[in-house]
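J.: Just so it is clear, I am handing over run25.cif, which has mmCIF, C-alpha atoms.
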```cif
data_work
#
loop_
_atom_site.label_atom_id
_atom_site.label_comp_id
_atom_site.auth_asym_id
_atom_site.auth_seq_id
_atom_site.Cartn_x
_atom_site.Cartn_y
_atom_site.Cartn_z
CA MET L 1 -31.58 38.57 -3.23
CA PHE L 2 -31.23 39.86 0.31
CA GLY L 3 -31.55 43.39 1.61
CA PHE L 4 -28.24 45.08 2.35
CA LYS L 5 -26.44 48.07 3.81
CA TYR L 6 -23.86 49.74 1.60
CA PHE L 7 -21.66 52.23 3.46
CA THR L 8 -18.52 53.66 1.87
CA PRO L 9 -17.64 56.97 3.54
CA THR L 10 -14.01 57.10 2.37
CA LYS L 11 -13.09 60.11 0.25
CA VAL L 12 -10.96 58.87 -2.66
CA VAL L 13 -8.42 61.16 -4.31
CA PHE L 14 -7.13 59.29 -7.34
CA GLY L 15 -4.42 60.12 -9.87
CA ARG L 16 -0.89 61.34 -10.41
CA GLU L 17 0.79 63.38 -7.63
CA THR L 18 -2.28 63.22 -5.39
CA GLU L 19 0.00 62.58 -2.39
CA SER L 20 0.68 66.32 -2.43
CA GLN L 21 -2.81 66.85 -0.98
CA VAL L 22 -2.20 64.91 2.21
CA ALA L 23 -1.90 67.87 4.60
CA SER L 24 -5.07 69.56 3.39
CA LEU L 25 -6.97 66.27 3.69
CA ILE L 26 -5.76 65.70 7.25
CA LYS L 27 -6.91 69.21 8.15
CA GLU L 28 -10.23 68.63 6.40
CA PHE L 29 -10.91 65.70 8.71
CA GLY L 30 -9.78 67.44 11.88
CA GLY L 31 -6.32 65.99 12.42
CA LYS L 32 -4.10 68.06 14.71
CA LYS L 33 -1.34 65.61 15.58
CA VAL L 34 -0.56 62.63 13.37
CA LEU L 35 1.03 59.22 13.68
CA ILE L 36 2.60 58.31 10.33
CA HIS L 37 2.59 54.51 10.19
CA TYR L 38 4.49 52.69 7.47
CA GLY L 39 6.35 49.49 6.67
CA GLY L 40 9.93 49.16 5.53
CA GLY L 41 12.33 51.54 3.91
CA SER L 42 10.80 51.57 0.43
CA VAL L 43 8.62 54.59 1.14
CA ILE L 44 11.73 56.38 2.40
CA ARG L 45 14.01 55.30 -0.44
CA SER L 46 11.44 56.30 -3.05
CA GLY L 47 11.22 59.82 -1.63
CA LEU L 48 7.52 59.46 -0.81
CA MET L 49 7.98 59.86 2.92
CA LYS L 50 9.92 63.11 2.48
CA LYS L 51 7.08 64.47 0.34
CA VAL L 52 4.64 63.57 3.11
CA THR L 53 6.65 65.05 5.97
CA ASP L 54 7.49 68.18 3.95
CA SER L 55 3.79 68.66 3.28
CA LEU L 56 2.91 68.29 6.97
CA ASP L 57 5.76 70.58 8.02
CA ALA L 58 4.63 73.26 5.59
CA ALA L 59 1.08 73.03 6.93
CA GLY L 60 2.22 73.18 10.57
CA ILE L 61 0.87 69.72 11.40
CA PRO L 62 3.00 67.96 14.06
CA TYR L 63 3.62 64.25 13.69
CA VAL L 64 5.40 61.21 15.07
CA MET L 65 6.47 58.20 13.05
CA LEU L 66 6.28 54.44 13.48
CA GLY L 67 7.71 52.10 10.87
CA GLY L 68 8.05 48.35 10.86
CA ALA L 69 4.69 47.12 9.54
CA VAL L 70 5.30 43.80 7.78
CA PRO L 71 3.18 41.37 5.76
CA ASN L 72 0.88 39.61 8.21
CA PRO L 73 1.19 42.65 10.55
CA ARG L 74 2.14 41.89 14.12
CA LEU L 75 0.24 42.54 17.32
CA SER L 76 3.43 43.61 19.12
CA LEU L 77 3.84 46.59 16.76
CA VAL L 78 0.18 47.47 17.29
CA TYR L 79 0.80 47.64 21.04
CA GLU L 80 3.84 49.84 20.41
CA GLY L 81 1.75 52.18 18.27
CA ILE L 82 -1.01 52.40 20.87
CA ASP L 83 1.47 53.39 23.56
CA LEU L 84 3.13 55.95 21.28
CA CYS L 85 -0.17 57.57 20.33
CA LYS L 86 -1.28 57.86 23.93
CA LYS L 87 2.07 59.27 25.02
CA GLU L 88 2.21 61.84 22.20
CA GLY L 89 -1.46 62.86 22.16
CA VAL L 90 -2.03 61.69 18.58
CA ASP L 91 -5.55 62.28 17.25
CA PHE L 92 -5.15 61.16 13.61
CA LEU L 93 -3.46 58.20 11.92
CA LEU L 94 -1.85 58.26 8.48
CA ALA L 95 -0.97 54.88 6.97
CA VAL L 96 1.59 55.11 4.16
CA GLY L 97 1.92 51.79 2.39
CA GLY L 98 -0.19 48.75 1.60
CA GLY L 99 -2.62 46.62 3.52
CA SER L 100 -0.21 45.72 6.30
CA ALA L 101 0.39 49.34 7.33
CA ILE L 102 -3.31 50.15 6.97
CA ASP L 103 -4.50 47.14 8.95
CA SER L 104 -1.93 47.81 11.67
CA ALA L 105 -3.03 51.47 11.82
CA LYS L 106 -6.67 50.41 12.19
CA ALA L 107 -5.76 48.16 15.10
CA ILE L 108 -3.79 50.99 16.70
CA GLY L 109 -6.84 53.22 16.27
CA TYR L 110 -9.01 50.69 18.08
CA GLY L 111 -6.48 50.34 20.88
CA VAL L 112 -6.22 54.09 21.53
CA THR L 113 -9.98 54.69 21.70
CA ASN L 114 -11.16 51.57 23.54
CA ASP L 115 -10.20 50.34 27.00
CA GLY L 116 -8.69 46.90 27.52
CA ASP L 117 -6.67 44.66 25.22
CA VAL L 118 -7.13 45.43 21.50
CA TRP L 119 -6.67 41.72 20.72
CA ASP L 120 -10.06 41.08 22.32
CA PHE L 121 -11.68 42.43 19.14
CA TYR L 122 -9.71 40.10 16.89
CA ASP L 123 -10.40 37.23 19.29
CA TYR L 124 -14.14 38.03 19.05
CA LYS L 125 -14.52 38.57 22.78
CA ARG L 126 -16.05 42.06 22.47
CA LYS L 127 -16.79 44.78 19.93
CA ALA L 128 -15.09 48.12 19.37
CA THR L 129 -17.07 51.29 20.02
CA ALA L 130 -14.67 53.75 18.33
CA CYS L 131 -11.47 54.13 16.32
CA LEU L 132 -9.07 57.02 15.78
CA PRO L 133 -9.70 58.64 12.39
CA LEU L 134 -7.21 57.59 9.76
CA GLY L 135 -6.16 58.39 6.23
CA VAL L 136 -4.21 56.37 3.70
CA ILE L 137 -1.57 56.93 1.04
CA LEU L 138 -1.74 53.66 -0.86
CA THR L 139 1.43 52.14 -2.34
CA LEU L 140 0.22 48.59 -3.01
CA ALA L 141 -3.04 47.56 -4.68
CA ALA L 142 -4.13 44.37 -2.94
CA THR L 143 -6.13 44.23 0.26
CA GLY L 144 -8.67 46.98 -0.38
CA SER L 145 -8.15 48.03 3.24
CA GLU L 146 -8.06 51.66 2.08
CA MET L 147 -11.89 51.59 1.78
CA SER L 148 -12.89 48.52 3.77
CA ASP L 149 -14.19 47.95 7.28
CA SER L 150 -11.73 45.16 8.00
CA SER L 151 -8.21 44.57 9.27
CA VAL L 152 -6.17 41.43 9.89
CA ILE L 153 -3.53 41.09 12.61
CA THR L 154 -1.18 38.25 13.60
CA LYS L 155 -0.56 37.50 17.27
CA GLU L 156 2.97 36.15 17.61
CA GLU L 157 2.10 34.01 20.62
CA GLY L 158 0.58 30.90 19.10
CA LEU L 159 0.95 32.30 15.56
CA VAL L 160 -2.74 33.24 15.40
CA LYS L 161 -3.92 35.38 12.49
CA ARG L 162 -7.38 36.94 12.85
CA GLY L 163 -9.49 39.58 11.19
CA TYR L 164 -11.93 42.07 12.67
CA SER L 165 -14.49 44.21 10.86
CA SER L 166 -16.21 47.39 11.98
CA ASP L 167 -17.35 50.54 10.21
CA TYR L 168 -15.49 52.58 12.83
CA CYS L 169 -12.17 51.84 11.12
CA ARG L 170 -13.09 52.86 7.57
CA PRO L 171 -10.50 55.42 6.44
CA LYS L 172 -11.59 59.05 6.14
CA PHE L 173 -9.63 59.44 2.91
CA ALA L 174 -7.54 57.36 0.53
CA ILE L 175 -4.89 58.95 -1.68
CA MET L 176 -4.37 56.65 -4.66
CA ASN L 177 -1.62 57.43 -7.15
CA PRO L 178 -0.99 54.40 -9.43
CA GLU L 179 2.57 55.61 -10.03
CA LEU L 180 3.40 54.77 -6.40
CA THR L 181 2.91 51.07 -7.16
CA MET L 182 5.33 50.95 -10.10
CA THR L 183 8.40 50.08 -8.02
CA LEU L 184 6.83 46.94 -6.55
CA PRO L 185 8.49 43.58 -7.22
CA ASP L 186 6.58 41.52 -9.80
CA TYR L 187 5.72 38.93 -7.15
CA GLN L 188 4.04 41.50 -4.92
CA THR L 189 2.07 42.88 -7.86
CA ALA L 190 0.83 39.40 -8.71
CA CYS L 191 -0.02 38.69 -5.06
CA GLY L 192 -1.99 41.92 -4.96
CA CYS L 193 -3.96 41.07 -8.09
CA THR L 194 -4.79 37.65 -6.65
CA ASP L 195 -6.02 39.16 -3.38
CA ILE L 196 -8.17 41.70 -5.23
CA MET L 197 -9.85 39.01 -7.30
CA MET L 198 -10.36 36.79 -4.27
CA HIS L 199 -12.20 39.50 -2.35
CA THR L 200 -14.83 39.46 -5.07
CA MET L 201 -14.73 35.68 -5.61
CA GLU L 202 -15.39 35.14 -1.89
CA ARG L 203 -18.57 37.16 -2.29
CA TYR L 204 -19.48 35.52 -5.60
CA PHE L 205 -19.58 31.83 -4.66
CA THR L 206 -22.61 31.72 -2.40
CA ASN L 207 -25.82 29.78 -1.99
CA GLY L 208 -27.55 32.73 -0.42
CA GLY L 209 -29.09 35.28 -2.77
CA ASN L 210 -27.60 37.14 -5.70
CA MET L 211 -28.40 40.16 -7.86
CA GLU L 212 -27.89 40.37 -11.61
CA ILE L 213 -26.30 43.82 -11.40
CA THR L 214 -23.96 42.73 -8.59
CA ASP L 215 -22.94 39.65 -10.57
CA ALA L 216 -22.20 41.80 -13.61
CA LEU L 217 -20.04 44.15 -11.54
CA ALA L 218 -18.23 41.24 -9.91
CA GLU L 219 -17.59 39.39 -13.15
CA GLY L 220 -16.40 42.53 -14.90
CA LEU L 221 -14.06 43.39 -12.05
CA ILE L 222 -12.44 39.95 -12.06
CA ARG L 223 -11.99 39.99 -15.84
CA THR L 224 -10.47 43.47 -15.67
CA VAL L 225 -7.94 42.47 -13.01
CA MET L 226 -6.99 39.33 -14.92
CA LYS L 227 -6.43 41.28 -18.14
CA ASN L 228 -4.33 43.96 -16.49
CA ALA L 229 -2.40 41.55 -14.27
CA GLU L 230 -1.11 39.88 -17.42
CA ILE L 231 -0.22 43.26 -18.91
CA LEU L 232 1.79 44.08 -15.77
CA VAL L 233 3.76 40.84 -16.02
CA LYS L 234 5.20 42.16 -19.29
CA ASP L 235 4.99 45.92 -18.67
CA PRO L 236 5.15 46.75 -14.94
CA LYS L 237 5.38 50.50 -15.60
CA ASN L 238 2.07 50.61 -17.49
CA TYR L 239 0.13 53.42 -15.80
CA GLU L 240 -3.28 52.51 -17.19
CA ALA L 241 -2.96 48.89 -16.06
CA ARG L 242 -1.77 50.02 -12.62
CA ALA L 243 -4.74 52.38 -12.37
CA GLU L 244 -7.26 49.69 -13.34
CA VAL L 245 -5.87 47.29 -10.76
CA MET L 246 -5.66 49.93 -8.02
CA TRP L 247 -9.27 51.04 -8.41
CA ALA L 248 -10.44 47.42 -8.68
CA GLY L 249 -8.74 46.71 -5.36
CA SER L 250 -10.87 49.32 -3.61
CA LEU L 251 -14.13 48.33 -5.28
CA SER L 252 -13.50 44.65 -4.60
CA HIS L 253 -13.44 45.08 -0.82
CA ASN L 254 -15.66 48.07 -0.05
CA GLY L 255 -18.80 45.92 -0.17
CA LEU L 256 -19.93 46.74 -3.71
CA THR L 257 -19.44 43.28 -5.20
CA GLY L 258 -21.42 41.60 -2.42
CA CYS L 259 -24.59 43.69 -2.39
CA GLY L 260 -27.69 41.50 -2.28
CA ASN L 261 -26.09 38.20 -1.26
CA ASP L 262 -25.63 36.51 2.10
CA GLY L 263 -22.26 38.13 2.81
CA GLY L 264 -20.08 35.66 0.96
CA ASP L 265 -18.24 32.44 1.70
CA TRP L 266 -14.80 33.61 2.98
CA MET L 267 -13.43 30.16 3.74
CA THR L 268 -10.50 30.51 1.35
CA HIS L 269 -9.44 33.56 3.34
CA LYS L 270 -9.94 31.78 6.66
CA LEU L 271 -7.87 28.81 5.50
CA GLU L 272 -5.15 31.10 4.20
CA HIS L 273 -5.03 32.99 7.48
CA GLU L 274 -3.75 29.79 9.08
CA LEU L 275 -1.12 29.41 6.35
CA GLY L 276 -0.05 33.01 6.89
CA GLY L 277 -0.02 32.64 10.65
CA LEU L 278 2.07 29.46 10.68
CA TYR L 279 4.37 30.00 7.69
CA ASP L 280 4.31 33.80 7.22
CA VAL L 281 3.61 33.45 3.47
CA ALA L 282 2.45 36.31 1.26
CA HIS L 283 -1.33 36.54 1.56
CA GLY L 284 -2.14 36.61 -2.15
CA ALA L 285 0.14 33.67 -2.88
CA GLY L 286 -1.42 31.69 -0.05
CA LEU L 287 -4.88 32.35 -1.46
CA ALA L 288 -3.84 31.14 -4.91
CA ALA L 289 -2.28 28.01 -3.42
CA ILE L 290 -5.43 27.00 -1.54
CA TRP L 291 -8.22 28.20 -3.85
CA GLY L 292 -8.27 25.35 -6.37
CA SER L 293 -8.50 22.69 -3.65
CA TRP L 294 -11.28 24.61 -1.91
CA ALA L 295 -13.13 25.13 -5.19
CA ARG L 296 -13.08 21.45 -6.15
CA TYR L 297 -14.19 20.46 -2.66
CA VAL L 298 -17.25 22.74 -2.58
CA CYS L 299 -18.08 22.91 -6.29
CA GLY L 300 -20.79 20.24 -6.27
CA ASN L 301 -22.70 22.12 -3.57
CA CYS L 302 -22.61 25.42 -5.48
CA LEU L 303 -22.70 24.19 -9.06
CA PRO L 304 -24.82 26.95 -10.68
CA ARG L 305 -22.41 29.64 -9.44
CA PHE L 306 -19.31 27.75 -10.54
CA LYS L 307 -20.82 27.11 -13.97
CA GLN L 308 -21.74 30.80 -14.33
CA PHE L 309 -18.24 31.80 -13.27
CA ALA L 310 -16.69 29.41 -15.79
CA VAL L 311 -18.73 30.78 -18.67
CA ASN L 312 -18.98 34.49 -17.80
CA VAL L 313 -15.53 35.06 -16.30
CA MET L 314 -13.23 32.35 -17.62
CA GLY L 315 -14.75 32.12 -21.09
CA VAL L 316 -15.44 28.37 -20.95
CA GLU L 317 -17.74 27.11 -23.71
CA PRO L 318 -21.02 25.87 -22.15
CA VAL L 319 -20.66 22.39 -23.62
CA GLY L 320 -20.99 19.26 -21.53
CA SER L 321 -22.44 18.70 -18.08
CA ASP L 322 -22.65 21.50 -15.53
CA GLU L 323 -19.96 19.79 -13.48
CA GLU L 324 -17.61 19.48 -16.46
CA ILE L 325 -18.06 23.17 -17.29
CA ALA L 326 -17.49 24.19 -13.65
CA LEU L 327 -14.31 22.12 -13.38
CA LYS L 328 -12.97 23.64 -16.60
CA GLY L 329 -13.52 27.06 -15.04
CA ILE L 330 -11.50 26.08 -11.97
CA GLU L 331 -8.71 24.74 -14.18
CA ALA L 332 -8.75 27.94 -16.25
CA MET L 333 -8.32 30.05 -13.12
CA GLU L 334 -5.37 27.93 -12.02
CA ASP L 335 -3.86 28.36 -15.48
CA PHE L 336 -4.18 32.12 -15.01
CA TYR L 337 -2.41 31.94 -11.65
CA ARG L 338 0.48 30.14 -13.33
CA ARG L 339 0.67 32.80 -16.06
CA ILE L 340 1.21 35.50 -13.44
CA HIS L 341 3.63 33.22 -11.53
CA MET L 342 1.37 32.45 -8.58
CA PRO L 343 1.36 29.01 -6.89
CA THR L 344 -1.55 26.60 -7.21
CA ASN L 345 -0.65 24.32 -4.29
CA LEU L 346 1.38 24.36 -1.08
CA ARG L 347 4.40 22.75 -2.71
CA GLU L 348 4.62 25.54 -5.27
CA LEU L 349 4.16 28.01 -2.41
CA GLY L 350 7.28 26.57 -0.79
CA VAL L 351 5.40 25.03 2.13
CA ASN L 352 6.20 21.43 3.07
CA ALA L 353 3.46 20.87 5.61
CA THR L 354 3.44 17.77 7.80
CA ASP L 355 0.24 15.95 8.70
CA GLU L 356 0.56 17.51 12.14
CA ASP L 357 0.85 20.99 10.64
CA LEU L 358 -2.27 20.46 8.53
CA ALA L 359 -4.22 19.18 11.52
CA GLU L 360 -3.10 22.15 13.60
CA MET L 361 -4.14 24.64 10.91
CA ALA L 362 -7.52 22.96 10.43
CA HIS L 363 -8.17 22.99 14.17
CA LYS L 364 -7.16 26.64 14.59
CA CYS L 365 -9.26 27.58 11.57
CA ALA L 366 -12.32 25.82 12.99
CA VAL L 367 -11.83 27.53 16.34
CA GLY L 368 -11.41 30.88 14.60
CA VAL L 369 -14.72 30.57 12.72
CA GLY L 370 -16.66 29.24 15.68
CA GLY L 371 -16.79 25.62 14.53
CA SER L 372 -18.09 25.91 10.98
CA MET L 373 -18.40 28.44 8.18
CA GLY L 374 -19.10 28.74 4.46
CA SER L 375 -21.83 29.64 2.02
CA ALA L 376 -20.82 27.66 -1.06
CA ARG L 377 -20.66 24.74 1.36
CA LEU L 378 -20.70 24.71 5.14
CA LEU L 379 -17.28 23.48 6.25
CA TYR L 380 -16.31 21.85 9.53
CA GLU L 381 -12.86 21.01 10.87
CA LYS L 382 -12.75 17.67 9.04
CA ASP L 383 -13.58 19.45 5.76
CA MET L 384 -10.90 22.06 6.36
CA LEU L 385 -8.36 19.31 6.94
CA GLU L 386 -9.34 17.57 3.69
CA ILE L 387 -8.88 20.83 1.75
CA PHE L 388 -5.45 21.37 3.29
CA LYS L 389 -4.51 17.79 2.40
CA ALA L 390 -5.68 18.24 -1.19
CA SER L 391 -3.65 21.44 -1.54
CA ARG L 392 -0.28 19.77 -0.85
#
```
Turn this file's structure into structure tokens for me.
T.:
Amino acid sequence: MFGFKYFTPTKVVFGRETESQVASLIKEFGGKKVLIHYGGGSVIRSGLMKKVTDSLDAAGIPYVMLGGAVPNPRLSLVYEGIDLCKKEGVDFLLAVGGGSAIDSAKAIGYGVTNDGDVWDFYDYKRKATACLPLGVILTLAATGSEMSDSSVITKEEGLVKRGYSSDYCRPKFAIMNPELTMTLPDYQTACGCTDIMMHTMERYFTNGGNMEITDALAEGLIRTVMKNAEILVKDPKNYEARAEVMWAGSLSHNGLTGCGNDGGDWMTHKLEHELGGLYDVAHGAGLAAIWGSWARYVCGNCLPRFKQFAVNVMGVEPVGSDEEIALKGIEAMEDFYRRIHMPTNLRELGVNATDEDLAEMAHKCAVGVGGSMGSARLLYEKDMLEIFKASR
């Protein structure tokens, strides 16, 4: 195992009707004027936004609003939010929605408190030194951004999707009411479950140190999400299943399931970022479409972990060679994706990529990771291209 830092300062308020506490939480963390950042009209149609604004009005907290956050959140909206916050004297951000609104709010927070172009952080040219404080009302269990140090933004020019991580952007509080996720389309729920699992799987498949207790937490989390994802396919209003998935989403990306290892592999995410940037696909679906091809490509270099995953998570009988057991585990995971109606290749994702498209994505991915990356197996541009080819 390796030494580690575990830092999770976010105050979580979990349960039914917890959104009613938003004004008191903003005051608790010093907010005096708020930017409410959200996505489309669902939070308005559901009545959630009125509850939020009524609560702030009653508490005498002034606010301005900025909607329009979309999946694969756009840099142009981040710039708009930065300008609005500076113009209005905003000192606190409230993201109402899922990972897109939260990630966009984090980028806005960086842009308000640091000089220069906020994209410099996502382009790895410099590091942030501050971020506006922000809180979250979560409406989609998926990215774990409500407790994480990371955000992902897409720059429209060149269709470049990049992530940036810093403890400065960790939310001050996260309001998590599982009932707020019950109106989601089934596809979004399944995408969210896939993303949650992948955040832990990225940390799990490493060649660099592991802890027994961390493995047990990671394996249990993945099994729990799988079980409840299948429940939600049949019963999307099931509160207990929604609650299990929502809490798993936070724990999967707040660092807990990576304590003691080398930080994880993360190449499935990096490969998917290029899919999302070029084709604007749903993040979770893109991960499912690429994971099997990545897993088969790197499996031989990380065989003990893949065998352990197959037995402990996927329930594969430990009969046969290590490679046979590991491959059965990969197949079992792909079977699970199909049961929750997730794709297992680019064709099922609806992407008909040309050879030129694949080469472009592999090149941009290699540039984005500084030439090579991976813990299960170190991947270079030629490896990334082979994985994209295998995923068609």
J.: With all atoms listed in the file counted and 12 Å as the cut-off, give the residues of stretch 15-131 of chain L in contact with stretch 265-273 of chain L, each with its shortest interatomic distance in Å and the pair that gives it, as CSV.
T.:
```
residue,atom,partner,partner_atom,distance
L:Pro71,CA,L:His273,CA,11.9
L:Asn72,CA,L:His273,CA,8.9
L:Pro73,CA,L:His273,CA,11.9
```
J.: Do you know which residues the PyMOL selection byres ((chain L and resi 294-309) around 6) returns on this file, as a compact mmCIF listing (two decimals) with C-alpha atoms, in the coordinates of the input?
T.:
```
# COMPACT_ATOMS: atom_id res chain seq x y z
CA PHE L 205 -19.58 31.83 -4.66
CA TRP L 291 -8.22 28.20 -3.85
CA GLY L 292 -8.27 25.35 -6.37
CA SER L 293 -8.50 22.69 -3.65
CA ALA L 310 -16.69 29.41 -15.79
CA VAL L 311 -18.73 30.78 -18.67
CA ASN L 312 -18.98 34.49 -17.80
CA VAL L 313 -15.53 35.06 -16.30
CA ILE L 325 -18.06 23.17 -17.29
CA ALA L 326 -17.49 24.19 -13.65
CA ALA L 376 -20.82 27.66 -1.06
CA ARG L 377 -20.66 24.74 1.36
CA ILE L 387 -8.88 20.83 1.75
```
J.: Evaluate the PyMOL selection byres ((chain L and resi 157-164) around 6) here and jot the selected residues down as an NGL selection string.
T.: :L and (122 or 150-156 or 165 or 273 or 277-278)
J.: Report the distance between atom CA of L:Phe29 and atom CA of L:Asp91 in Å, rounded to one decimal place.
T.: 10.6 Å
J.: Could you please determine the separation between atom CA of L:Ala58 and atom CA of L:Thr113 in Å, to one decimal place?
T.: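 Between atom CA of L:Ala58 and atom CA of L:Thr113 the gap is 28.6 Å.
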J.: Report, in Å to a single decimal, how far apart atom CA of L:Tyr239 and atom CA of L:Arg338 are.
T.: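 About the pair atom CA of L:Arg338 and atom CA of L:Tyr239: they are 23.4 Å apart.
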J.: Could you check which of L:Ser46, L:Asn352, L:Asn177, L:Asn254 is closest to L:Gly144, using only C-alpha atoms?
T.: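 With only C-alpha atoms as the atom set, the closest residue is L:Asn254.
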J.: Restricting the calculation to only C-alpha atoms: of L:Ile36, L:Ala141, L:Val118, L:Cys365, which residue gets closest to L:Val52?
T.: L:Ile36
J.: Measuring between all atoms listed in the file, which one of L:Asp117, L:Glu19, L:Glu219, L:Glu274 shows the shortest distance to L:Met314?
T.: L:Glu219
J.: Of the candidates L:Glu230, L:Asp149, L:Glu324, L:Glu202, which shows the shortest atom-to-atom distance to L:Asp262, using all atoms listed in the file?
T.: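 So, comparing all the options, the nearest one is L:Glu202.
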